[in-house]
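*Asks:* For reference, the file run.cif (mmCIF, C-alpha atoms) is included below:
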data_final
loop_
_atom_site.label_atom_id
_atom_site.label_comp_id
_atom_site.auth_asym_id
_atom_site.auth_seq_id
_atom_site.Cartn_x
_atom_site.Cartn_y
_atom_site.Cartn_z
CA MET W 17 104.44 103.80 86.93
CA LYS W 18 101.43 104.14 84.66
CA SER W 19 98.10 104.01 86.49
CA VAL W 20 96.19 100.77 86.19
CA CYS W 21 92.71 102.22 86.73
CA SER W 22 91.75 101.62 83.10
CA PHE W 23 93.13 98.07 83.36
CA ILE W 24 90.95 97.31 86.39
CA VAL W 25 87.87 98.76 84.68
CA LYS W 26 88.66 96.55 81.69
CA LEU W 27 88.70 93.50 83.97
CA VAL W 28 85.35 94.49 85.48
CA HIS W 29 83.72 94.89 82.08
CA ARG W 30 85.05 91.59 80.84
CA SER W 31 83.83 89.88 84.01
CA HIS W 32 80.32 91.34 83.57
CA GLY W 33 80.38 93.07 86.94
CA SER W 34 81.66 90.10 88.87
CA ALA W 35 82.58 90.88 92.49
CA ALA W 36 85.76 88.89 91.95
CA ALA W 37 87.13 91.68 89.76
CA ARG W 38 85.69 94.68 91.64
CA PRO W 39 87.60 97.97 91.04
CA LEU W 40 89.23 99.66 94.02
CA GLY W 41 88.41 103.20 92.89
CA ALA W 42 89.91 105.53 90.31
CA GLU W 43 90.85 108.17 92.91
CA MET W 44 92.82 105.60 94.92
CA CYS W 45 94.71 104.41 91.85
CA LYS W 46 95.69 107.95 90.86
CA GLU W 47 96.83 108.81 94.37
CA LEU W 48 99.01 105.74 94.85
CA LYS W 49 100.19 105.19 91.28
CA THR W 50 100.26 101.54 92.30
CA LYS W 51 98.70 98.76 90.26
CA VAL W 52 96.17 96.99 92.47
CA LEU W 53 95.03 93.90 90.58
CA ARG W 54 92.26 91.61 91.78
CA LEU W 55 92.65 87.89 91.18
CA LEU W 56 89.67 85.59 90.95
CA PRO W 57 89.37 83.25 93.95
CA GLN W 58 92.17 80.68 94.14
CA ASN W 59 91.34 77.40 92.47
CA PRO W 60 93.82 74.51 92.27
CA ASN W 61 92.39 73.47 88.91
CA TRP W 62 93.18 76.38 86.60
CA ALA W 63 91.94 74.39 83.60
CA ALA W 64 88.43 74.66 85.02
CA PHE W 65 88.40 78.45 84.69
CA HIS W 66 86.50 80.13 81.89
CA ARG W 67 88.76 81.31 79.08
CA GLU W 68 88.21 84.98 79.97
CA ASP W 69 89.17 84.30 83.58
CA ARG W 70 92.39 82.62 82.47
CA THR W 71 93.14 85.58 80.22
CA GLU W 72 92.72 87.97 83.13
CA ARG W 73 95.09 85.90 85.26
CA ALA W 74 97.60 85.87 82.44
CA GLU W 75 97.43 89.67 82.21
CA ILE W 76 97.99 90.02 85.95
CA LEU W 77 100.92 87.61 85.75
CA ASN W 78 102.44 89.51 82.84
CA CYS W 79 102.04 92.81 84.69
CA SER W 80 103.70 91.34 87.80
CA VAL W 81 106.59 89.83 85.84
CA LYS W 82 107.18 93.16 84.06
CA ALA W 83 107.33 95.03 87.36
CA LEU W 84 109.74 92.50 88.84
CA LYS W 85 112.00 92.57 85.78
CA GLU W 86 112.09 96.37 86.04
CA GLY W 87 113.50 96.04 89.56
CA HIS W 88 110.36 96.83 91.54
CA VAL W 89 108.87 95.24 94.66
CA ILE W 90 105.36 93.78 94.47
CA ALA W 91 102.88 92.29 96.94
CA VAL W 92 101.63 88.76 96.33
CA PRO W 93 99.33 86.19 97.93
CA THR W 94 100.85 82.90 99.09
CA ASP W 95 99.49 79.80 100.76
CA THR W 96 100.16 81.23 104.24
CA ILE W 97 100.24 85.06 104.35
CA TYR W 98 100.70 87.97 101.96
CA GLY W 99 104.27 88.56 100.88
CA LEU W 100 106.56 91.16 99.34
CA ALA W 101 108.60 89.87 96.42
CA CYS W 102 111.41 91.03 94.15
CA LEU W 103 114.04 89.39 91.99
CA ALA W 104 116.58 87.73 94.27
CA GLN W 105 119.39 88.47 91.81
CA ASN W 106 118.67 92.22 91.78
CA SER W 107 120.68 93.88 94.55
CA GLU W 108 118.88 97.22 94.34
CA ALA W 109 115.49 95.52 94.60
CA ILE W 110 116.70 93.62 97.67
CA ARG W 111 117.62 96.94 99.31
CA LYS W 112 114.15 98.29 98.46
CA ILE W 113 112.45 95.42 100.32
CA TYR W 114 114.47 96.13 103.46
CA ASP W 115 113.66 99.85 103.20
CA ILE W 116 109.93 99.28 102.62
CA LYS W 117 109.60 97.02 105.65
CA GLY W 118 112.07 98.86 107.87
CA ARG W 119 113.67 95.46 108.28
CA ASN W 120 116.88 94.80 110.19
CA GLY W 121 119.61 94.31 107.59
CA LEU W 122 120.89 91.26 109.44
CA LYS W 123 117.58 89.39 109.16
CA PRO W 124 117.67 87.11 106.11
CA LEU W 125 115.19 86.91 103.25
CA ALA W 126 113.94 83.60 101.92
CA ILE W 127 113.60 82.81 98.23
CA SER W 128 110.68 81.35 96.32
CA VAL W 129 110.95 79.12 93.24
CA GLY W 130 108.44 77.43 90.98
CA GLU W 131 109.58 73.82 90.79
CA ILE W 132 111.67 71.36 92.79
CA PRO W 133 114.52 71.27 90.19
CA ASP W 134 114.93 75.02 90.84
CA VAL W 135 115.79 74.25 94.47
CA TYR W 136 118.95 72.48 93.30
CA LYS W 137 120.02 75.56 91.33
CA CYS W 138 119.90 77.76 94.42
CA CYS W 139 120.88 75.36 97.20
CA LYS W 140 123.30 72.58 98.04
CA VAL W 141 120.67 69.95 98.77
CA ASN W 142 121.77 67.10 101.04
CA VAL W 143 118.46 65.25 101.48
CA LYS W 144 116.59 62.86 99.25
CA LYS W 145 114.61 64.33 96.38
CA GLU W 146 111.60 62.43 97.70
CA LEU W 147 111.78 64.45 100.93
CA LEU W 148 111.55 67.67 98.94
CA GLY W 149 108.57 66.24 97.10
CA ASP W 150 106.82 65.40 100.37
CA LEU W 151 107.17 68.92 101.74
CA LEU W 152 107.06 71.08 98.60
CA PRO W 153 105.00 72.79 97.38
CA GLY W 154 103.62 73.63 100.78
CA PRO W 155 103.74 75.96 103.82
CA VAL W 156 107.37 75.06 104.59
CA THR W 157 110.68 76.91 104.12
CA LEU W 158 113.69 74.59 103.84
CA VAL W 159 117.12 75.94 104.75
CA PHE W 160 120.25 74.64 103.00
CA GLU W 161 123.72 75.85 102.18
CA ARG W 162 123.38 78.37 99.36
CA SER W 163 124.81 77.84 95.89
CA GLU W 164 127.47 80.11 94.42
CA GLU W 165 125.00 81.24 91.76
CA LEU W 166 122.88 83.23 94.22
CA ASN W 167 123.29 86.99 94.47
CA LYS W 168 126.06 87.70 96.99
CA ASP W 169 124.14 90.78 98.19
CA LEU W 170 121.27 88.52 99.30
CA ASN W 171 121.92 87.65 102.96
CA PRO W 172 125.68 88.26 102.67
CA PHE W 173 126.09 87.53 106.39
CA THR W 174 125.22 83.81 106.12
CA SER W 175 126.08 80.81 103.96
CA LEU W 176 122.53 79.49 104.31
CA ILE W 177 119.37 80.21 102.33
CA GLY W 178 115.72 79.40 102.99
CA VAL W 179 113.74 78.24 99.95
CA ARG W 180 109.99 77.95 99.42
CA ILE W 181 107.59 76.66 96.81
CA PRO W 182 104.27 78.10 97.98
CA ASP W 183 101.26 75.88 97.35
CA HIS W 184 99.55 78.68 95.45
CA PRO W 185 99.04 78.50 91.67
CA PHE W 186 99.62 82.21 91.06
CA MET W 187 102.90 82.28 92.98
CA ARG W 188 104.21 79.13 91.35
CA ARG W 189 103.39 80.40 87.89
CA LEU W 190 104.93 83.78 88.67
CA CYS W 191 108.22 82.13 89.66
CA GLN W 192 108.14 79.96 86.55
CA MET W 193 107.60 82.95 84.29
CA CYS W 194 110.40 84.97 85.91
CA LYS W 195 112.77 82.02 85.38
CA GLU W 196 114.77 83.02 88.42
CA PRO W 197 114.24 82.98 92.20
CA LEU W 198 112.20 85.63 93.96
CA ALA W 199 113.20 87.06 97.31
CA LEU W 200 110.14 86.73 99.53
CA THR W 201 109.19 88.14 102.92
CA SER W 202 105.99 89.01 104.76
CA ALA W 203 103.93 92.00 103.57
CA ASN W 204 104.04 94.12 106.69
CA ILE W 205 106.18 96.62 108.53
CA SER W 206 108.91 94.68 110.31
CA SER W 207 107.80 93.24 113.68
CA HIS W 208 104.12 94.01 112.92
CA THR W 209 101.45 91.31 112.55
CA SER W 210 101.51 89.24 109.37
CA THR W 211 98.75 90.03 106.88
CA VAL W 212 96.09 87.82 105.30
CA GLU W 213 94.20 90.54 103.36
CA VAL W 214 95.63 93.35 101.22
CA HIS W 215 93.94 96.18 103.12
CA GLU W 216 95.94 95.18 106.20
CA PHE W 217 99.17 96.47 104.64
CA GLN W 218 97.66 99.41 102.79
CA GLU W 219 100.25 101.77 104.31
CA LEU W 220 102.86 100.04 102.12
CA TRP W 221 100.97 100.26 98.81
CA SER W 222 102.49 103.54 97.70
CA LYS W 223 105.97 101.95 97.85
CA LEU W 224 104.98 98.98 95.70
CA ALA W 225 104.66 98.71 91.93
CA VAL W 226 101.93 96.06 92.01
CA VAL W 227 99.59 94.72 94.69
CA VAL W 228 98.04 91.41 93.67
CA ASP W 229 94.82 91.02 95.65
CA GLY W 230 94.05 87.31 95.89
CA GLY W 231 91.35 87.81 98.51
CA PRO W 232 91.57 86.58 102.10
CA ILE W 233 94.25 83.92 102.67
CA GLY W 234 92.62 80.63 103.62
CA ASP W 235 94.97 80.01 106.55
CA GLN W 236 93.99 82.69 109.06
CA SER W 237 96.59 81.65 111.65
CA ARG W 238 99.07 84.32 110.44
CA LEU W 239 101.89 82.03 111.54
CA GLY W 240 103.67 81.93 108.21
CA SER W 241 105.56 78.94 106.89
CA THR W 242 107.37 76.43 109.08
CA VAL W 243 111.10 77.10 108.71
CA VAL W 244 113.38 74.09 109.10
CA ASP W 245 117.17 73.94 108.74
CA LEU W 246 118.32 70.84 106.82
CA SER W 247 121.88 71.96 106.22
CA VAL W 248 123.38 69.36 108.58
CA LEU W 249 123.31 65.84 107.15
CA GLY W 250 120.84 63.58 108.94
CA LYS W 251 119.59 66.39 111.19
CA TYR W 252 116.88 68.99 111.25
CA ARG W 253 116.47 72.13 113.32
CA ILE W 254 113.23 74.10 113.63
CA ILE W 255 113.94 77.79 113.18
CA ARG W 256 110.29 78.86 113.22
CA PRO W 257 107.37 76.56 114.15
CA GLY W 258 104.99 78.23 111.71
CA CYS W 259 101.72 76.72 110.59
CA ALA W 260 102.87 73.21 109.58
CA LEU W 261 105.14 72.10 112.43
CA SER W 262 103.53 68.79 113.31
CA SER W 263 103.16 67.47 109.77
CA THR W 264 106.69 68.61 108.83
CA VAL W 265 108.33 66.91 111.83
CA ASP W 266 106.33 63.76 111.14
CA VAL W 267 107.72 63.57 107.59
CA LEU W 268 111.29 64.30 108.68
CA GLU W 269 111.39 61.84 111.56
CA ARG W 270 109.05 58.99 110.70
CA LYS W 271 109.57 58.76 106.97
CA TYR W 272 113.20 59.84 106.58
CA GLY W 273 114.70 59.12 110.00
CA LEU W 274 116.14 62.56 110.62
CA SER W 275 116.83 63.51 114.22
CA GLU W 276 116.35 66.92 115.76
CA ASP W 277 119.48 68.99 116.20
CA ARG W 278 119.13 70.62 119.61
CA GLY W 279 122.62 72.09 119.56
CA GLU W 280 125.22 71.33 122.17
CA GLU W 281 123.68 69.86 125.32
#
What's the structure tokens form of this structure?
*Replies:*
Amino acid sequence: MKSVCSFIVKLVHRSHGSAAARPLGAEMCKELKTKVLRLLPQNPNWAAFHREDRTERAEILNCSVKALKEGHVIAVPTDTIYGLACLAQNSEAIRKIYDIKGRNGLKPLAISVGEIPDVYKCCKVNVKKELLGDLLPGPVTLVFERSEELNKDLNPFTSLIGVRIPDHPFMRRLCQMCKEPLALTSANISSHTSTVEVHEFQELWSKLAVVVDGGPIGDQSRLGSTVVDLSVLGKYRIIRPGCALSSTVDVLERKYGLSEDRGEE
């Protein structure tokens, strides 16, 4: 892919030397041939950004969407840890993610979407819409029966799919612009520690088309999202405690009366 060094320099000039758009070095860009793009610090109120800042974010979004549509894997910030993403409907891109991470082919990938209505397109939802609204967007992955529309090469060994809406404005907008689900997994070598800064997975950069540097992730726990299986009516099962276990269980039990599925006792 074309080097992005000139693009990063352009961002620096337009930001008048701001540290938020600091270049990562021309030599590094040429060596990796990977686009490393620095986001301004996350702010839930995008409307408050200066027009130039919004333009820069739009350019980074457009660059990321282009790479995804071309079948590449990119690194992105989320509300929990850094992730690797590709188009969930692109079978070759799915294979690339597994190769990049050295991931066991029988370990599933989750998907990320931009809005709650998108969950219904990918999953057979059997809980109230209000429950989805209480947990999403947020640091939670909900597992349902998958819809027939999903790529059959994505987790072909299971009828279930985990879906996320990260509480991160860049990720939500990226999903919206792609207009299709993204496969999403942690940005690390499989079984290694999750990452909260881009330099922590620098050994993977050369295999990625774009690395979106959103700065340090606010949640430093590295636990990732709480993964909960809601595929059984009236029940929930915690697959991974993650960083939001207590608040998630409280919503499921107290507000919606779901009981924990502990399996056969």
*Asks:* Counting all atoms listed in the file, which residue out of W:Val159, W:Val226, W:Cys139, W:Leu125 sits closest to W:Val92?
*Replies:*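 Going through W:Val159, W:Val226, W:Cys139, W:Leu125 one by one, the smallest distance to W:Val92 is for W:Val226.
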*Asks:* State, in Å with one decimal place, the distance from atom CA of W:Ala83 to atom CA of W:Ile177.
*Replies:* 24.3 Å
*Asks:* Run the PyMOL selection byres ((chain W and resi 144) around 12) against the file shown and list the residues it catches, as a VMD selection string.
*Replies:* chain W and resid 132 136 140 to 143 145 to 151 246 249 to 250 268 271 to 274
*Asks:* Tell me which residues the PyMOL selection byres ((chain W and resi 97-100) around 8) grabs here, as a ChimeraX atom specification.
*Replies:* /W:89-96,101-102,113,200-203,210-214,233,235,238-240
*Asks:* Exactly which residues make up the result of the PyMOL selection byres ((chain W and resi 86) around 12) on this file, given as number ranges by chain?
*Replies:* W: 17, 79-85, 87-90, 102-103, 106, 108-109, 194, 225-226
*Asks:* Can you list, as a short mmCIF file (atom, residue, chain, number, x, y, z; two decimals) with C-alpha atoms, in the coordinates of the input, every protein, DNA or RNA residue that comes within 8 Å of W:Leu152 when you count only C-alpha atoms, leaving out same-chain residues fewer than 4 positions away?
*Replies:*
data_model
loop_
_atom_site.label_atom_id
_atom_site.label_comp_id
_atom_site.auth_asym_id
_atom_site.auth_seq_id
_atom_site.Cartn_x
_atom_site.Cartn_y
_atom_site.Cartn_z
CA ILE W 132 111.67 71.36 92.79
CA LEU W 148 111.55 67.67 98.94
CA VAL W 156 107.37 75.06 104.59
CA ARG W 180 109.99 77.95 99.42
CA ILE W 181 107.59 76.66 96.81
CA PRO W 182 104.27 78.10 97.98
CA ASP W 183 101.26 75.88 97.35
#
*Asks:* So what do you get for atom CA of W:Leu170 versus atom CA of W:Ser107, distance-wise?
*Replies:* 7.2 Å
*Asks:* Could N, CA and C atoms be built for stretch 161-197 of chain W and written out as a compact mmCIF listing (two decimals), in the coordinates of the input?
*Replies:*
# COMPACT_ATOMS: atom_id res chain seq x y z
N GLU W 161 122.59 75.03 102.61
CA GLU W 161 123.72 75.85 102.18
C GLU W 161 123.38 76.43 100.81
N ARG W 162 123.71 77.69 100.61
CA ARG W 162 123.38 78.37 99.36
C ARG W 162 124.38 77.99 98.27
N SER W 163 123.93 78.09 97.02
CA SER W 163 124.81 77.84 95.89
C SER W 163 125.57 79.11 95.56
N GLU W 164 126.65 78.96 94.81
CA GLU W 164 127.47 80.11 94.42
C GLU W 164 126.76 81.00 93.42
N GLU W 165 125.70 80.47 92.78
CA GLU W 165 125.00 81.24 91.76
C GLU W 165 124.12 82.34 92.34
N LEU W 166 123.76 82.23 93.62
CA LEU W 166 122.88 83.23 94.22
C LEU W 166 123.58 84.56 94.39
N ASN W 167 122.81 85.62 94.29
CA ASN W 167 123.29 86.99 94.47
C ASN W 167 124.03 87.12 95.80
N LYS W 168 125.26 87.56 95.77
CA LYS W 168 126.06 87.70 96.99
C LYS W 168 125.54 88.81 97.89
N ASP W 169 124.73 89.72 97.37
CA ASP W 169 124.14 90.78 98.19
C ASP W 169 122.88 90.31 98.91
N LEU W 170 122.42 89.10 98.61
CA LEU W 170 121.27 88.52 99.30
C LEU W 170 121.77 87.77 100.52
N ASN W 171 121.47 88.27 101.70
CA ASN W 171 121.92 87.65 102.96
C ASN W 171 123.43 87.40 102.97
N PRO W 172 124.23 88.45 102.77
CA PRO W 172 125.68 88.26 102.67
C PRO W 172 126.34 87.80 103.97
N PHE W 173 125.58 87.86 105.07
CA PHE W 173 126.09 87.53 106.39
C PHE W 173 125.95 86.04 106.74
N THR W 174 125.41 85.22 105.83
CA THR W 174 125.22 83.81 106.12
C THR W 174 125.45 82.97 104.87
N SER W 175 125.88 81.75 105.07
CA SER W 175 126.08 80.81 103.96
C SER W 175 124.83 80.00 103.68
N LEU W 176 123.77 80.25 104.44
CA LEU W 176 122.53 79.49 104.31
C LEU W 176 121.48 80.29 103.55
N ILE W 177 120.50 79.57 103.01
CA ILE W 177 119.37 80.21 102.33
C ILE W 177 118.11 79.39 102.57
N GLY W 178 117.02 80.06 102.85
CA GLY W 178 115.72 79.40 102.99
C GLY W 178 114.99 79.45 101.66
N VAL W 179 114.42 78.32 101.25
CA VAL W 179 113.74 78.24 99.95
C VAL W 179 112.33 77.72 100.12
N ARG W 180 111.41 78.31 99.37
CA ARG W 180 109.99 77.95 99.42
C ARG W 180 109.47 77.65 98.03
N ILE W 181 108.46 76.78 97.98
CA ILE W 181 107.59 76.66 96.81
C ILE W 181 106.18 76.76 97.37
N PRO W 182 105.61 77.95 97.42
CA PRO W 182 104.27 78.10 97.98
C PRO W 182 103.24 77.25 97.22
N ASP W 183 102.33 76.67 97.97
CA ASP W 183 101.26 75.88 97.35
C ASP W 183 100.14 76.84 96.92
N HIS W 184 100.48 77.67 95.95
CA HIS W 184 99.55 78.68 95.45
C HIS W 184 99.81 78.81 93.96
N PRO W 185 98.81 78.55 93.12
CA PRO W 185 99.04 78.50 91.67
C PRO W 185 99.57 79.79 91.09
N PHE W 186 99.12 80.94 91.59
CA PHE W 186 99.62 82.21 91.06
C PHE W 186 101.10 82.36 91.36
N MET W 187 101.50 82.11 92.60
CA MET W 187 102.90 82.28 92.98
C MET W 187 103.81 81.32 92.23
N ARG W 188 103.38 80.10 92.08
CA ARG W 188 104.21 79.13 91.35
C ARG W 188 104.39 79.55 89.90
N ARG W 189 103.31 79.99 89.29
CA ARG W 189 103.39 80.40 87.89
C ARG W 189 104.23 81.67 87.75
N LEU W 190 104.13 82.56 88.71
CA LEU W 190 104.93 83.78 88.67
C LEU W 190 106.42 83.45 88.71
N CYS W 191 106.81 82.54 89.58
CA CYS W 191 108.22 82.13 89.66
C CYS W 191 108.67 81.46 88.36
N GLN W 192 107.81 80.64 87.80
CA GLN W 192 108.14 79.96 86.55
C GLN W 192 108.35 80.96 85.43
N MET W 193 107.50 81.97 85.36
CA MET W 193 107.60 82.95 84.29
C MET W 193 108.82 83.86 84.45
N CYS W 194 109.20 84.14 85.69
CA CYS W 194 110.40 84.97 85.91
C CYS W 194 111.67 84.21 85.58
N LYS W 195 111.63 82.89 85.69
CA LYS W 195 112.77 82.02 85.38
C LYS W 195 113.99 82.31 86.26
N GLU W 196 113.72 82.80 87.44
CA GLU W 196 114.77 83.02 88.42
C GLU W 196 114.10 83.15 89.79
N PRO W 197 114.86 82.95 90.88
CA PRO W 197 114.24 82.98 92.20
C PRO W 197 113.76 84.36 92.59
